[in-house]
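**Q** Pasting in a structure now, in structure tokens, and then I'll have a few things to ask.
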Amino acid sequence: MARAFAPGKCILFGEHAVVYGYPAVAVAIDAGVEVSISESSEWTIEGTEFEPSRHPHITHIIRDVFGYNGTPLDIDIKSGLFSAAGLGSSAAISNAMGAALQFHLKPDEVLDRIGLARMGHSAEAIAQKGRASPTDTATSALGGCVVVSGDLVDGTEHVFDATLETPEGERSWSISKTTIPEDLDAWIVLGFTGVGSPTGRMVAGVANLLESDPSKESDMEAIGNITNAGLAALSAGNLEAVGIAMSACHERLKSLQVSSPELEHLIAAVGPHSLGAKMTGAGGGGCMVALTRDPRRVAEAIEIAGGKPLISRLGAEGARIIRKT
């Protein structure tokens with residue numbers, strides 16, 4: 001049996017705008033997805049028959065990336081992430097599946113996290129009908145704090161570049177990493193609204209909004225500026241400025257009509273105990289995130305408000321092999 005783990009992600013700044021080449025800053029979180037694969041007499045996933053059309057990410061990796069036509073596999077997925085909540089669960093599944101299958105086929109090869117990030121991005125693009133930034137997959141694969149932008153961002157370490165042909169034309173991104181000071185006394189607390197948020201639908205909704213109201217491009221530009229300021233503050237360890245940038249980013253995302261009453265309720269609930277708070281991910285439901293020095297109190301506030309909390313460090317380890325037995 002081959003097993004691999006890939007973490008989820010949280011976007012601190014720049015969601016939606018990153019699809020159009022503006023920068024986004026994301027961190028890997030402690031929770032994630034574990035995939036186990038073993039040879040079997042028939043194709044199964046989580047104990048049921050594997051139907052390729054219902055699992056486009058996994059099917060793409062098995063057939064298109066690896067060209068696998070060997071013995072049927074039994075695939076088991078264990079997730080510690082809320083589904084369709086903006087935490088990159090589909091990207092984590094793709095990355096964990098790719099890592100596990102690579103190890104199953106080539107156990108002596110070192111895991112190539114950059115190759116894994118590229119693989120996951122191609123799977124996301126198929127699932128999202130051609131619109132997908134590499135943010136989720138790169139953060140899950142590489143771990144730590146990842147910056148994705150149309151151009152290399154000053155003060156970051158370049159890792160690789162990515163391109164994608166979307167319905168709006170070719171998009172290109174530079175993927176880099178930045179170092180978060182180790183002595184920061186801060187945590188992020190995610191709050192799940194309980195309402196799912198399909199990324200593809202939300203991304204398409206923003207695309208339609210920009211087409212019908214070109215003035216909304218100003219919100220995209222503002223998110224780009226906020227992201228740069230927030231990244232500089234994060235690298236310097238200025239937590240108060242990071243929190244201010246998070247809250248400012250949320251106001252612009254509200255203007256792009258991707259927030260929801262449930263998100264606003266949780267964000268208001270954590271306000272007194274947070275340095276800053278915002279939605280994270282595609283929106284329309286899903287999760288919010290708060291930056292705080294008192295994670296338990298924020299988690300309690302989320303629970304009292306009817307949400308489900310998840311506490312994490314800022315920047316966990318990336319995708320990795322667990323073991324083969």
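Identifiers in the structure tokens: chain A, B, ... in order shown; residue index from 1 per chain; ligand index from 1 in order shown.
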Can you pull out every residue within 8 Å of Val27 in chain A, counting only C-alpha atoms, but drop anything in the same chain fewer than 4 positions away, and send it as a PyMOL selection string?

**A** chain A and resi 9-12+139+143-146+314-316

**Q** Which polymer residues have any atom within 12 Å of an atom of Pro23 in chain A, counting only C-alpha atoms, with same-chain residues fewer than 5 positions away left out, as an MDAnalysis selection string?

**A** chainID A and resid 11:18 133:135 146:154 156 172:176 220:231

**Q** As a VMD selection string, please: all residues of range 159-303 of chain A that backbone DSSP puts in alpha helix (DSSP H).

**A** chain A and resid 199 to 212 217 to 236 239 to 255 261 to 270 295 to 303

**Q** Using only C-alpha atoms, determine which residues lie at most 9 Å from range 280-297 of chain A, disregarding the query and same-chain residues fewer than 4 positions distant; provide the list as a JSON list (two decimals) with C-alpha atoms, in the first residue's frame.

**A**
```json
[["chain", "number", "residue", "atom", "x", "y", "z"],
["A", 10, "CYS", "CA", -5.83, 29.19, 3.20],
["A", 11, "ILE", "CA", -5.64, 32.32, 1.05],
["A", 12, "LEU", "CA", -4.65, 35.34, 3.12],
["A", 13, "PHE", "CA", -4.97, 37.82, 0.25],
["A", 15, "GLU", "CA", -8.45, 35.17, -4.17],
["A", 16, "HIS", "CA", -10.34, 35.63, -7.45],
["A", 82, "PHE", "CA", -14.31, 20.71, 5.08],
["A", 83, "SER", "CA", -15.53, 19.87, 1.57],
["A", 84, "ALA", "CA", -16.28, 22.68, -0.92],
["A", 85, "ALA", "CA", -15.23, 25.19, 1.73],
["A", 86, "GLY", "CA", -12.40, 27.10, 0.10],
["A", 87, "LEU", "CA", -9.61, 25.11, 1.76],
["A", 88, "GLY", "CA", -8.32, 23.51, -1.43],
["A", 185, "ASP", "CA", 2.83, 34.80, 18.15],
["A", 186, "ALA", "CA", -0.16, 34.31, 15.90],
["A", 187, "TRP", "CA", -2.47, 31.63, 14.53],
["A", 188, "ILE", "CA", -5.11, 31.44, 11.87],
["A", 189, "VAL", "CA", -8.55, 30.13, 12.71],
["A", 190, "LEU", "CA", -10.81, 29.02, 9.90],
["A", 191, "GLY", "CA", -14.56, 29.06, 10.30],
["A", 192, "PHE", "CA", -16.76, 26.90, 8.06],
["A", 193, "THR", "CA", -20.24, 28.31, 7.43],
["A", 194, "GLY", "CA", -21.67, 24.88, 6.66],
["A", 195, "VAL", "CA", -22.61, 26.10, 3.19],
["A", 196, "GLY", "CA", -20.64, 24.61, 0.30],
["A", 197, "SER", "CA", -19.03, 26.81, -2.33],
["A", 198, "PRO", "CA", -18.20, 25.18, -5.70],
["A", 199, "THR", "CA", -15.12, 26.99, -6.95],
["A", 200, "GLY", "CA", -15.94, 26.68, -10.65],
["A", 201, "ARG", "CA", -19.33, 28.32, -10.29],
["A", 202, "MET", "CA", -17.99, 31.22, -8.21],
["A", 203, "VAL", "CA", -15.05, 31.85, -10.56],
["A", 239, "LEU", "CA", 0.81, 41.23, 12.44],
["A", 242, "VAL", "CA", -1.41, 41.87, 8.11],
["A", 243, "GLY", "CA", -4.78, 41.89, 9.84],
["A", 246, "MET", "CA", -6.96, 40.91, 5.36],
["A", 250, "HIS", "CA", -12.53, 41.23, 2.25],
["A", 253, "LEU", "CA", -14.28, 40.75, -2.36],
["A", 257, "GLN", "CA", -20.33, 39.76, -4.87],
["A", 258, "VAL", "CA", -18.60, 36.63, -3.59],
["A", 259, "SER", "CA", -19.37, 36.96, 0.11],
["A", 260, "SER", "CA", -22.55, 35.67, 1.76],
["A", 261, "PRO", "CA", -24.69, 36.37, 4.85],
["A", 262, "GLU", "CA", -23.21, 33.30, 6.56],
["A", 263, "LEU", "CA", -19.65, 34.51, 5.98],
["A", 264, "GLU", "CA", -20.48, 38.01, 7.18],
["A", 266, "LEU", "CA", -18.89, 34.63, 11.29],
["A", 267, "ILE", "CA", -16.55, 37.50, 10.40],
["A", 270, "VAL", "CA", -14.65, 37.00, 15.54],
["A", 271, "GLY", "CA", -13.95, 40.70, 15.10],
["A", 273, "HIS", "CA", -10.79, 38.80, 19.19],
["A", 274, "SER", "CA", -8.95, 39.05, 15.84],
["A", 275, "LEU", "CA", -6.31, 41.17, 14.18],
["A", 276, "GLY", "CA", -8.22, 40.82, 10.92],
["A", 301, "ALA", "CA", -16.75, 32.64, 18.92],
["A", 302, "ILE", "CA", -17.11, 30.74, 15.63],
["A", 311, "ILE", "CA", -7.08, 26.12, 14.14],
["A", 312, "SER", "CA", -3.80, 26.03, 12.21]]
```

**Q** Looking at only C-alpha atoms, which of A:Leu164, A:Ile45, A:Ala99, A:Leu142 is the one that sits closest to His121 in chain A?

**A**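 Among the listed residues, the smallest separation from His121 in chain A belongs to A:Leu164.
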
**Q** Using only C-alpha atoms, determine which residues lie at most 10 Å from Ser94 in chain A, disregarding the query and same-chain residues fewer than 2 positions distant; provide the list as a VMD selection string.

**A** chain A and resid 6 33 35 56 to 61 88 to 92 96 to 100 116 to 117 119 to 124 137 140 to 141

**Q** Given the selection you just returned, output its residues as a file containing N, CA and C atoms, formatted as an mmCIF file, in the first residue's frame.

**A**
```
data_model
loop_
_atom_site.group_PDB
_atom_site.id
_atom_site.type_symbol
_atom_site.label_atom_id
_atom_site.label_comp_id
_atom_site.auth_asym_id
_atom_site.auth_seq_id
_atom_site.Cartn_x
_atom_site.Cartn_y
_atom_site.Cartn_z
ATOM 1 N N ALA A 6 -1.357 15.451 1.601
ATOM 2 C CA ALA A 6 -1.207 16.802 1.067
ATOM 3 C C ALA A 6 -2.067 17.747 1.897
ATOM 4 N N VAL A 33 -5.412 16.028 3.305
ATOM 5 C CA VAL A 33 -5.992 14.807 2.748
ATOM 6 C C VAL A 33 -4.937 13.720 2.659
ATOM 7 N N VAL A 35 -4.264 9.984 0.941
ATOM 8 C CA VAL A 35 -4.713 9.026 -0.064
ATOM 9 C C VAL A 35 -3.889 7.755 0.053
ATOM 10 N N PRO A 56 -13.102 13.556 -11.843
ATOM 11 C CA PRO A 56 -12.267 14.035 -12.950
ATOM 12 C C PRO A 56 -10.816 14.302 -12.561
ATOM 13 N N HIS A 57 -10.578 14.779 -11.319
ATOM 14 C CA HIS A 57 -9.199 15.039 -10.893
ATOM 15 C C HIS A 57 -8.385 13.749 -10.901
ATOM 16 N N ILE A 58 -8.926 12.742 -10.239
ATOM 17 C CA ILE A 58 -8.198 11.482 -10.104
ATOM 18 C C ILE A 58 -8.067 10.774 -11.445
ATOM 19 N N THR A 59 -9.131 10.816 -12.240
ATOM 20 C CA THR A 59 -9.091 10.182 -13.562
ATOM 21 C C THR A 59 -8.019 10.813 -14.441
ATOM 22 N N HIS A 60 -7.913 12.128 -14.398
ATOM 23 C CA HIS A 60 -6.897 12.834 -15.185
ATOM 24 C C HIS A 60 -5.490 12.390 -14.779
ATOM 25 N N ILE A 61 -5.258 12.267 -13.479
ATOM 26 C CA ILE A 61 -3.926 11.877 -13.002
ATOM 27 C C ILE A 61 -3.603 10.447 -13.412
ATOM 28 N N GLY A 88 -9.127 24.224 -0.446
ATOM 29 C CA GLY A 88 -8.317 23.508 -1.427
ATOM 30 C C GLY A 88 -8.399 22.005 -1.306
ATOM 31 N N SER A 89 -9.578 21.475 -0.943
ATOM 32 C CA SER A 89 -9.702 20.024 -0.751
ATOM 33 C C SER A 89 -9.479 19.262 -2.050
ATOM 34 N N SER A 90 -9.990 19.772 -3.169
ATOM 35 C CA SER A 90 -9.799 19.057 -4.432
ATOM 36 C C SER A 90 -8.335 19.071 -4.846
ATOM 37 N N ALA A 91 -7.638 20.192 -4.614
ATOM 38 C CA ALA A 91 -6.216 20.269 -4.929
ATOM 39 C C ALA A 91 -5.418 19.314 -4.049
ATOM 40 N N ALA A 92 -5.788 19.228 -2.771
ATOM 41 C CA ALA A 92 -5.097 18.316 -1.862
ATOM 42 C C ALA A 92 -5.318 16.864 -2.278
ATOM 43 N N ALA A 96 -2.230 14.531 -3.279
ATOM 44 C CA ALA A 96 -2.005 13.297 -2.518
ATOM 45 C C ALA A 96 -2.121 12.081 -3.433
ATOM 46 N N MET A 97 -3.063 12.114 -4.373
ATOM 47 C CA MET A 97 -3.218 11.010 -5.316
ATOM 48 C C MET A 97 -1.988 10.902 -6.208
ATOM 49 N N GLY A 98 -1.528 12.029 -6.722
ATOM 50 C CA GLY A 98 -0.345 12.013 -7.580
ATOM 51 C C GLY A 98 0.888 11.508 -6.853
ATOM 52 N N ALA A 99 1.074 11.947 -5.615
ATOM 53 C CA ALA A 99 2.233 11.505 -4.828
ATOM 54 C C ALA A 99 2.151 10.018 -4.517
ATOM 55 N N ALA A 100 0.955 9.548 -4.151
ATOM 56 C CA ALA A 100 0.792 8.131 -3.821
ATOM 57 C C ALA A 100 1.007 7.250 -5.049
ATOM 58 N N LEU A 116 4.575 17.831 -8.970
ATOM 59 C CA LEU A 116 3.291 17.530 -8.356
ATOM 60 C C LEU A 116 2.355 18.732 -8.435
ATOM 61 N N ALA A 117 2.885 19.923 -8.191
ATOM 62 C CA ALA A 117 2.073 21.138 -8.282
ATOM 63 C C ALA A 117 1.553 21.347 -9.706
ATOM 64 N N MET A 119 1.061 18.999 -11.959
ATOM 65 C CA MET A 119 0.090 17.937 -12.192
ATOM 66 C C MET A 119 -1.270 18.316 -11.595
ATOM 67 N N GLY A 120 -1.254 18.774 -10.363
ATOM 68 C CA GLY A 120 -2.492 19.154 -9.707
ATOM 69 C C GLY A 120 -3.181 20.308 -10.398
ATOM 70 N N HIS A 121 -2.397 21.273 -10.889
ATOM 71 C CA HIS A 121 -2.984 22.423 -11.585
ATOM 72 C C HIS A 121 -3.705 21.988 -12.852
ATOM 73 N N SER A 122 -3.123 21.066 -13.587
ATOM 74 C CA SER A 122 -3.781 20.584 -14.809
ATOM 75 C C SER A 122 -5.091 19.873 -14.471
ATOM 76 N N ALA A 123 -5.123 19.156 -13.357
ATOM 77 C CA ALA A 123 -6.353 18.487 -12.940
ATOM 78 C C ALA A 123 -7.415 19.499 -12.524
ATOM 79 N N GLU A 124 -7.007 20.550 -11.808
ATOM 80 C CA GLU A 124 -7.940 21.597 -11.410
ATOM 81 C C GLU A 124 -8.530 22.310 -12.618
ATOM 82 N N THR A 137 -3.029 24.259 -5.688
ATOM 83 C CA THR A 137 -2.159 23.105 -5.899
ATOM 84 C C THR A 137 -0.710 23.411 -5.532
ATOM 85 N N SER A 140 -0.443 23.557 -1.638
ATOM 86 C CA SER A 140 -0.552 22.215 -1.065
ATOM 87 C C SER A 140 0.702 21.396 -1.331
ATOM 88 N N ALA A 141 1.245 21.511 -2.530
ATOM 89 C CA ALA A 141 2.434 20.725 -2.874
ATOM 90 C C ALA A 141 3.688 21.249 -2.182
#
```

**Q** Using only C-alpha atoms, can you tell me which of A:Asn69, A:Asp112, A:Ala305, A:Tyr22 comes closest to Ala268 in chain A?

**A**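 Going through A:Asn69, A:Asp112, A:Ala305, A:Tyr22 one by one, the smallest distance to Ala268 in chain A is for A:Ala305.
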